[in-house]
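Below: entry17.cif (mmCIF, C-alpha atoms and all ligand atoms)
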data_run
loop_
_atom_site.label_atom_id
_atom_site.label_comp_id
_atom_site.auth_asym_id
_atom_site.auth_seq_id
_atom_site.Cartn_x
_atom_site.Cartn_y
_atom_site.Cartn_z
CA MET A 21 0.00 0.00 0.00
CA ILE A 22 1.36 3.38 -1.01
CA GLU A 23 1.41 5.89 1.79
CA ASP A 24 -0.42 9.09 0.96
CA LYS A 25 2.01 11.96 1.58
CA ARG A 26 -0.32 14.71 0.37
CA PHE A 27 -1.60 17.51 2.63
CA TYR A 28 -4.55 19.82 2.72
CA THR A 29 -3.32 23.31 3.54
CA PHE A 30 -5.71 25.52 5.58
CA VAL A 31 -5.02 29.29 5.63
CA PHE A 32 -6.69 31.26 8.39
CA ALA A 33 -6.39 34.43 10.42
CA PRO A 34 -7.07 34.08 14.21
CA THR A 35 -8.03 37.80 14.40
CA ALA A 36 -8.74 40.51 11.81
CA LYS A 37 -5.38 42.19 12.34
CA SER A 38 -3.10 39.21 12.86
CA GLN A 39 -0.95 37.62 10.20
CA LEU A 40 -2.26 34.76 8.13
CA ARG A 41 -1.35 31.35 9.37
CA LYS A 42 -1.06 28.09 7.50
CA LEU A 43 -1.95 24.67 8.76
CA ASN A 44 -1.02 21.54 6.87
CA VAL A 45 -3.26 18.58 7.57
CA PRO A 46 -2.45 15.19 6.00
CA HIS A 47 -5.19 13.60 3.84
CA ASN A 48 -5.32 10.57 6.17
CA VAL A 49 -6.32 12.70 9.12
CA ILE A 50 -9.03 14.47 7.07
CA TYR A 51 -10.47 11.12 5.93
CA ALA A 52 -10.38 9.77 9.47
CA ILE A 53 -12.25 12.81 10.77
CA LEU A 54 -14.81 12.54 7.96
CA GLY A 55 -15.19 8.81 8.68
CA PHE A 56 -15.85 9.41 12.40
CA ALA A 57 -18.30 12.18 11.51
CA ILE A 58 -20.30 9.90 9.20
CA VAL A 59 -20.35 7.05 11.77
CA GLY A 60 -21.42 9.54 14.46
CA LEU A 61 -24.17 10.96 12.26
CA LEU A 62 -25.49 7.48 11.45
CA THR A 63 -25.47 6.52 15.15
CA VAL A 64 -27.32 9.64 16.14
CA SER A 65 -29.87 9.15 13.32
CA TYR A 66 -30.50 5.53 14.33
CA GLY A 67 -30.90 6.58 17.95
CA ALA A 68 -33.39 9.26 16.97
CA TYR A 69 -35.29 6.73 14.85
CA ARG A 70 -35.51 4.27 17.77
CA LEU A 71 -36.64 7.05 20.09
CA ALA A 72 -39.41 8.03 17.68
CA GLN A 73 -40.47 4.40 17.39
CA HIS A 74 -40.60 4.12 21.17
CA ALA A 75 -42.70 7.27 21.43
CA VAL A 76 -45.22 5.83 18.94
CA LEU A 77 -45.42 2.58 20.96
CA VAL A 78 -45.92 4.48 24.20
CA ALA A 79 -48.70 6.53 22.60
CA ARG A 80 -50.42 3.35 21.37
CA LEU A 81 -50.05 1.74 24.76
CA ASN A 82 -51.72 4.75 26.40
CA LEU A 83 -54.55 4.53 23.90
CA ILE A 84 -55.05 0.83 24.62
CA GLN A 85 -54.95 1.45 28.36
CA ASP A 86 -57.60 4.15 27.96
CA GLU A 87 -59.79 1.79 25.94
CA ASN A 88 -59.25 -0.94 28.48
CA ARG A 89 -60.31 1.35 31.31
CA GLN A 90 -63.44 2.39 29.41
CA LEU A 91 -64.30 -1.24 28.70
CA LYS A 92 -63.86 -2.11 32.38
CA GLU A 93 -66.14 0.75 33.38
CA ARG A 94 -68.76 -0.34 30.84
CA ASN A 95 -68.46 -3.90 32.05
CA GLN A 96 -69.03 -2.84 35.66
CA GLU A 97 -71.97 -0.71 34.57
CA ALA A 98 -73.46 -3.68 32.70
CA GLU A 99 -72.94 -5.95 35.70
CA SER A 100 -74.70 -3.56 38.05
CA LYS A 101 -77.53 -3.27 35.53
CA TYR A 102 -77.81 -7.06 35.43
CA ASP A 103 -77.97 -7.09 39.22
CA LEU A 104 -80.71 -4.48 39.14
CA LEU A 105 -82.64 -6.47 36.51
CA GLN A 106 -82.21 -9.59 38.61
CA THR A 107 -83.62 -7.75 41.61
CA ARG A 108 -86.60 -6.55 39.61
CA LEU A 109 -87.18 -10.04 38.23
CA ALA A 110 -87.07 -11.40 41.77
CA ALA A 111 -89.71 -8.85 42.79
CA LEU A 112 -91.89 -9.87 39.82
CA ASP A 113 -91.30 -13.46 40.79
CA THR A 114 -92.63 -12.83 44.30
CA THR A 115 -95.79 -11.19 42.95
CA GLN A 116 -96.26 -13.97 40.44
CA ARG A 117 -95.78 -16.62 43.12
CA LYS A 118 -98.73 -15.20 45.07
CA LEU A 119 -100.83 -15.08 41.88
CA ALA A 120 -99.84 -18.66 41.10
CA VAL A 121 -100.97 -19.83 44.52
CA ASN A 122 -104.31 -18.03 44.09
CA SER A 123 -104.87 -19.38 40.59
CA GLY A 124 -103.69 -22.90 41.35
CA VAL A 125 -100.97 -22.86 38.67
CA SER A 126 -97.98 -25.07 39.51
CA ARG A 127 -94.75 -23.17 39.02
CA PRO A 128 -92.08 -24.35 36.54
CA ASP A 129 -88.79 -25.31 38.22
CA GLU A 130 -86.85 -22.54 36.47
CA VAL A 131 -89.05 -19.89 38.06
CA SER A 132 -88.30 -20.98 41.60
CA ARG A 133 -84.59 -20.47 40.93
CA ILE A 134 -84.96 -16.80 40.05
CA GLY A 135 -83.09 -14.50 42.37
CA GLN A 136 -80.65 -17.15 43.54
CA GLY A 137 -77.96 -16.03 41.07
CA GLY A 138 -75.43 -18.17 39.24
CA PRO A 139 -72.83 -20.46 40.82
CA GLU A 140 -70.35 -17.54 41.04
CA GLY A 141 -73.03 -15.23 42.36
CA GLU A 142 -72.75 -13.12 39.22
CA THR A 143 -75.69 -12.29 37.04
CA THR A 144 -75.29 -12.99 33.34
CA VAL A 145 -77.44 -12.18 30.36
CA SER A 146 -78.41 -15.83 30.03
CA ASP A 147 -79.54 -15.91 33.69
CA ILE A 148 -81.86 -13.01 32.96
CA GLU A 149 -83.07 -14.52 29.69
CA ARG A 150 -83.84 -17.80 31.42
CA ALA A 151 -85.68 -16.13 34.29
CA THR A 152 -87.69 -13.93 31.92
CA ALA A 153 -88.69 -16.88 29.73
CA ALA A 154 -89.76 -18.89 32.80
CA LEU A 155 -91.88 -16.01 34.13
CA GLU A 156 -93.44 -15.51 30.69
CA SER A 157 -94.42 -19.14 30.33
CA GLU A 158 -95.92 -19.14 33.81
CA LEU A 159 -97.82 -15.93 33.05
CA ARG A 160 -99.32 -17.57 29.94
CA GLN A 161 -100.54 -20.51 32.04
CA MET A 162 -102.01 -18.15 34.62
CA LYS A 163 -103.74 -16.14 31.90
CA ASP A 164 -105.46 -19.33 30.70
CA VAL A 165 -106.64 -20.07 34.23
CA PHE A 166 -107.79 -16.49 34.76
CA ASP A 167 -109.60 -16.48 31.40
CA LYS A 168 -111.45 -19.67 32.38
CA ASN A 169 -112.28 -18.21 35.79
CA GLN A 170 -113.44 -15.02 34.10
CA ILE A 171 -115.76 -16.99 31.81
CA ARG A 172 -117.02 -18.98 34.78
CA LEU A 173 -117.64 -15.78 36.78
CA SER A 174 -119.45 -14.01 33.96
CA SER A 175 -121.49 -17.18 33.39
CA THR A 176 -122.55 -17.47 37.02
CA PRO A 177 -125.84 -15.73 37.86
CA ASN A 178 -125.12 -12.64 39.89
CA GLY A 179 -127.26 -9.69 40.94
CA TRP A 180 -130.93 -9.07 40.32
CA PRO A 181 -132.91 -9.49 37.08
CA VAL A 182 -135.07 -6.55 38.14
CA ARG A 183 -135.27 -4.20 41.13
CA GLY A 184 -138.39 -4.49 43.27
CA TYR A 185 -139.92 -6.01 46.38
CA ILE A 186 -139.49 -9.67 47.13
CA THR A 187 -143.09 -10.75 47.63
CA ASP A 188 -142.31 -14.45 47.83
CA GLY A 189 -139.14 -16.34 48.63
CA PHE A 190 -137.77 -19.70 47.61
CA GLY A 191 -139.17 -22.87 49.23
CA MET A 192 -142.42 -24.04 50.76
CA ARG A 193 -145.30 -21.61 50.79
CA GLY A 194 -149.07 -21.56 51.12
CA ASN A 195 -151.12 -21.68 47.96
CA PRO A 196 -151.24 -18.03 46.82
CA PHE A 197 -154.46 -18.72 44.96
CA GLY A 198 -156.26 -19.90 48.06
CA GLY A 199 -157.92 -23.23 48.48
CA GLY A 200 -155.47 -24.42 51.12
CA GLY A 201 -152.48 -26.71 50.78
CA SER A 202 -148.88 -25.74 50.17
CA GLU A 203 -146.43 -25.94 47.30
CA VAL A 204 -142.77 -25.56 46.64
CA HIS A 205 -141.96 -22.15 45.24
CA ALA A 206 -139.07 -22.71 42.87
CA GLY A 207 -137.86 -19.13 42.71
CA LEU A 208 -138.11 -15.54 43.91
CA ASP A 209 -141.04 -13.27 43.14
CA ILE A 210 -139.90 -9.70 42.62
CA ALA A 211 -142.77 -7.26 42.28
CA THR A 212 -142.39 -4.00 40.40
CA ASN A 213 -144.14 -1.91 37.76
CA HIS A 214 -145.57 -3.51 34.64
CA GLY A 215 -143.12 -3.01 31.75
CA THR A 216 -139.95 -2.69 33.83
CA ALA A 217 -136.93 -4.17 32.00
CA ILE A 218 -135.84 -7.68 33.03
CA GLU A 219 -132.13 -8.36 32.57
CA SER A 220 -130.20 -11.60 32.30
CA THR A 221 -128.14 -12.13 35.47
CA ALA A 222 -125.21 -13.78 33.63
CA ASP A 223 -123.76 -14.46 30.18
CA GLY A 224 -125.47 -17.32 28.42
CA ILE A 225 -127.55 -18.62 25.53
CA VAL A 226 -131.33 -18.38 25.34
CA ILE A 227 -132.73 -21.94 25.21
CA PHE A 228 -136.42 -21.08 25.59
CA ALA A 229 -138.45 -17.94 24.88
CA GLY A 230 -142.23 -17.98 24.77
CA PRO A 231 -145.38 -18.86 26.72
CA HIS A 232 -145.17 -21.96 28.90
CA GLY A 233 -148.14 -22.90 31.10
CA GLY A 234 -148.25 -21.25 34.52
CA TYR A 235 -144.99 -19.38 33.79
CA GLY A 236 -146.74 -17.30 31.17
CA ASN A 237 -144.18 -15.68 28.89
CA VAL A 238 -140.86 -17.09 30.06
CA VAL A 239 -137.22 -16.90 29.00
CA VAL A 240 -134.75 -19.63 29.96
CA VAL A 241 -131.03 -18.85 29.68
CA ASP A 242 -128.36 -21.58 29.78
CA HIS A 243 -125.09 -20.36 31.37
CA GLY A 244 -123.07 -23.56 31.09
CA TYR A 245 -121.60 -25.39 34.09
CA GLY A 246 -125.09 -26.89 34.62
CA LEU A 247 -126.63 -23.49 35.47
CA THR A 248 -129.82 -22.08 33.96
CA THR A 249 -132.00 -19.11 34.92
CA ARG A 250 -135.64 -18.48 34.09
CA TYR A 251 -137.65 -15.26 34.12
CA ALA A 252 -141.43 -15.70 34.09
CA HIS A 253 -144.76 -13.82 33.74
CA MET A 254 -143.20 -11.37 31.24
CA SER A 255 -145.42 -8.92 29.41
CA GLY A 256 -143.04 -8.98 26.46
CA ILE A 257 -139.99 -10.96 25.33
CA ASP A 258 -136.97 -9.29 23.65
CA VAL A 259 -134.90 -12.37 22.74
CA LYS A 260 -135.28 -15.60 20.81
CA VAL A 261 -133.87 -19.11 21.19
CA GLY A 262 -130.16 -19.23 20.28
CA ASP A 263 -129.43 -15.60 21.20
CA HIS A 264 -126.24 -15.00 23.15
CA VAL A 265 -126.97 -12.69 26.05
CA ALA A 266 -124.49 -10.92 28.31
CA ARG A 267 -125.10 -10.17 31.97
CA GLY A 268 -127.26 -7.04 32.17
CA LYS A 269 -128.78 -7.53 28.71
CA LYS A 270 -132.54 -6.74 28.61
CA ILE A 271 -134.41 -9.93 27.73
CA GLY A 272 -138.00 -8.85 28.38
CA ALA A 273 -140.39 -6.75 30.50
CA VAL A 274 -142.28 -7.33 33.76
CA GLY A 275 -145.85 -8.51 33.31
CA SER A 276 -148.45 -10.74 34.87
CA THR A 277 -148.89 -13.49 32.26
CA GLY A 278 -149.52 -17.09 33.31
CA ARG A 279 -150.33 -18.04 36.90
CA SER A 280 -149.90 -14.58 38.39
CA THR A 281 -152.02 -12.15 40.38
CA ALA A 282 -150.01 -8.94 39.90
CA PRO A 283 -147.04 -7.71 37.83
CA HIS A 284 -143.85 -9.37 39.07
CA CYS A 285 -140.83 -11.30 37.82
CA HIS A 286 -140.64 -14.91 38.92
CA TYR A 287 -136.88 -15.58 38.91
CA GLU A 288 -135.42 -19.08 39.11
CA VAL A 289 -131.86 -20.39 39.22
CA ARG A 290 -131.43 -24.07 38.43
CA LEU A 291 -128.37 -26.23 38.92
CA HIS A 292 -128.57 -29.39 36.78
CA ASP A 293 -132.25 -28.49 36.32
CA ARG A 294 -132.98 -28.54 40.07
CA PRO A 295 -134.22 -25.21 41.44
CA VAL A 296 -131.82 -23.66 43.98
CA ASN A 297 -132.30 -20.56 46.11
CA PRO A 298 -131.64 -17.51 43.88
CA LEU A 299 -130.64 -15.53 46.98
CA ASN A 300 -127.43 -17.60 46.99
CA TYR A 301 -126.66 -16.09 43.59
CA VAL A 302 -127.53 -12.44 43.99
CA SER A 303 -124.11 -11.46 45.33
CA VAL A 304 -121.65 -14.08 44.07
CA GLY A 305 -118.13 -12.72 44.14
CA ARG A 306 -119.26 -9.36 45.51
CA SER A 307 -117.93 -8.02 48.76
ZN ZN A 401 -143.08 -17.16 41.60
#
What does the file become when written as structure tokens?
Ligand SMILES: [Zn+2]
Amino acid sequence: MIEDKRFYTFVFAPTAKSQLRKLNVPHNVIYAILGFAIVGLLTVSYGAYRLAQHAVLVARLNLIQDENRQLKERNQEAESKYDLLQTRLAALDTTQRKLAVNSGVSRPDEVSRIGQGGPEGETTVSDIERATAALESELRQMKDVFDKNQIRLSSTPNGWPVRGYITDGFGMRGNPFGGGGSEVHAGLDIATNHGTAIESTADGIVIFAGPHGGYGNVVVVDHGYGLTTRYAHMSGIDVKVGDHVARGKKIGAVGSTGRSTAPHCHYEVRLHDRPVNPLNYVSVGRS
């Protein structure tokens, strides 16, 4: 290798008034200095690049931590909402339990577990879904029972067919037409003005409407469950056989047709066609 003997000559003045000075620097030294400078520059650049990279990572980490914190908060919020829902379901469950006892509906197993929480004591969405579904199915069963009871209630004679004075009760009585002897009076006699509206005392279907011996003009309503009512001595009839009548529907007017001495409504309630005391049916289900 040939040694480089060349120099770079630098001319400079230390101050404005001083003489010029010369400095001879060998090429080798210049190249060495340049080499160090380049290596130094590269090192610094790489360092700066790594620092920037680090800053980006730190920023991302902060972002993720923020998100994580928000998610945790939302999670806690959801959990407390589940707990609240569970509490409300348990309250509903208590109410429904009482209704179930009253309506005679046997409770599904799932329902009785409401409010006990999961094995870890935490409420989950599926716990709530299960509890809600169980309550819903029980409610449907209870609705069926209530509907049937409702039909039964509206089909049971209740109240008075007409307002007036009870001139004769149910049971044995003397012959009202004289001549001695006694007879069984199969209903109530309610006296009031001729023409007063007579109303059906329950929902039902008219199975007879017309004159019938001593009853005079009579309407017989079948209410199901073995119950019928009859309203006799009418001056006029407003319904015909096959008509559906609701409780309170006008079916005719007070008169004195048939075996009667003055305007009144002879009202009978029959269970399996045997006359029973209508007084037992004038306030069914009323307090
Ligand atoms: Zn009578």
Point to revise | Non-local contacts of Tyr185 (chain A) (7 Å; only C-alpha atoms; under 2 positions in same chain excluded) as a list in words | key: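 Using only C-alpha atoms, the neighbours found are Thr187, Ile210, Ala211 and Thr212 of chain A.
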Which residues of chain A sit at most 8 Å from ligand ZN 401 (chain A), using all atoms listed in the file? Give each one's shortest atom pair and distance in Å (one decimal place), in chain and ascending residue order, as JSON lines.
{"residue": "A:Asp188", "atom": "CA", "partner": "A:ZN401", "partner_atom": "ZN", "distance": 6.8}
{"residue": "A:His205", "atom": "CA", "partner": "A:ZN401", "partner_atom": "ZN", "distance": 6.3}
{"residue": "A:Ala206", "atom": "CA", "partner": "A:ZN401", "partner_atom": "ZN", "distance": 7.0}
{"residue": "A:Gly207", "atom": "CA", "partner": "A:ZN401", "partner_atom": "ZN", "distance": 5.7}
{"residue": "A:Leu208", "atom": "CA", "partner": "A:ZN401", "partner_atom": "ZN", "distance": 5.7}
{"residue": "A:Asp209", "atom": "CA", "partner": "A:ZN401", "partner_atom": "ZN", "distance": 4.7}
{"residue": "A:Ala252", "atom": "CA", "partner": "A:ZN401", "partner_atom": "ZN", "distance": 7.8}
{"residue": "A:Ser280", "atom": "CA", "partner": "A:ZN401", "partner_atom": "ZN", "distance": 8.0}
{"residue": "A:Cys285", "atom": "CA", "partner": "A:ZN401", "partner_atom": "ZN", "distance": 7.3}
{"residue": "A:His286", "atom": "CA", "partner": "A:ZN401", "partner_atom": "ZN", "distance": 4.3}
{"residue": "A:Tyr287", "atom": "CA", "partner": "A:ZN401", "partner_atom": "ZN", "distance": 6.9}
Those same residues - C-alpha atoms - I'd like them written as a short mmCIF file (atom, residue, chain, number, x, y, z; two decimals), in the frame of the given file.
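Result file follows (selection.cif):
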data_model
loop_
_atom_site.label_atom_id
_atom_site.label_comp_id
_atom_site.auth_asym_id
_atom_site.auth_seq_id
_atom_site.Cartn_x
_atom_site.Cartn_y
_atom_site.Cartn_z
CA ASP A 188 -142.31 -14.45 47.83
CA HIS A 205 -141.96 -22.15 45.24
CA ALA A 206 -139.07 -22.71 42.87
CA GLY A 207 -137.86 -19.13 42.71
CA LEU A 208 -138.11 -15.54 43.91
CA ASP A 209 -141.04 -13.27 43.14
CA ALA A 252 -141.43 -15.70 34.09
CA SER A 280 -149.90 -14.58 38.39
CA CYS A 285 -140.83 -11.30 37.82
CA HIS A 286 -140.64 -14.91 38.92
CA TYR A 287 -136.88 -15.58 38.91
#
Check your understanding: Within 6 Å of region 254-267 of chain A, counting only C-alpha atoms, which residues qualify if same-chain residues fewer than 2 places away don't, as a ChimeraX atom specification?
Key -> /A:220-229,237,252,269,271-275
Do you have, as a Markdown table, the list of residues of region 40-129 of chain A lying at most 9 Å from region 138-161 of chain A, each with its nearest atom pair and that distance in Å to one decimal, counting only C-alpha atoms and ordered by chain then number?
| residue | atom | partner | partner_atom | distance |
| --- | --- | --- | --- | --- |
| A:Glu99 | CA | A:Thr143 | CA | 7.0 |
| A:Ser100 | CA | A:Thr143 | CA | 8.8 |
| A:Tyr102 | CA | A:Thr143 | CA | 5.9 |
| A:Asp103 | CA | A:Thr143 | CA | 6.1 |
| A:Leu105 | CA | A:Ile148 | CA | 7.5 |
| A:Gln106 | CA | A:Ile148 | CA | 6.6 |
| A:Leu109 | CA | A:Ala151 | CA | 7.4 |
| A:Ala110 | CA | A:Ala151 | CA | 9.0 |
| A:Leu112 | CA | A:Leu155 | CA | 8.4 |
| A:Asp113 | CA | A:Leu155 | CA | 7.2 |
| A:Gln116 | CA | A:Leu159 | CA | 7.8 |
| A:Ala120 | CA | A:Glu158 | CA | 8.3 |
| A:Val125 | CA | A:Gln161 | CA | 7.0 |
| A:Ser126 | CA | A:Glu158 | CA | 8.5 |
| A:Arg127 | CA | A:Glu158 | CA | 6.7 |
| A:Pro128 | CA | A:Ala154 | CA | 7.0 |
| A:Asp129 | CA | A:Ala154 | CA | 8.5 |
Exercise for review: Take the point (-126.1, -16.3, 38.0) in the file's coordinates, draw a sphere of radius 8 Å around it, and report as a ChimeraX atom specification every protein, DNA or RNA residue with an atom inside or on it, counting all atoms listed in the file.
Suggested key: /A:175-179,221-222,243,247-249,289,301-302,304
All file atoms of region 45-52 of chain A boxed axis-aligned, 3 Å per side, centre plus edges, as JSON:
{"center_x": -6.5, "center_y": 14.2, "center_z": 6.7, "size_x": 14.0, "size_y": 14.8, "size_z": 11.6}
Review point. If you measure from CA of Thr277 (chain A) to CA of Asn213 (chain A), what distance in Å do you get, rounded to one decimal?
Key: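 Distance between the two atoms: 13.7 Å.
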Practice item. Record the distance separating CA of Gly234 (chain A) and CA of Leu291 (chain A), expressed in Å with one decimal. Key: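 It comes out at 21.0 Å.
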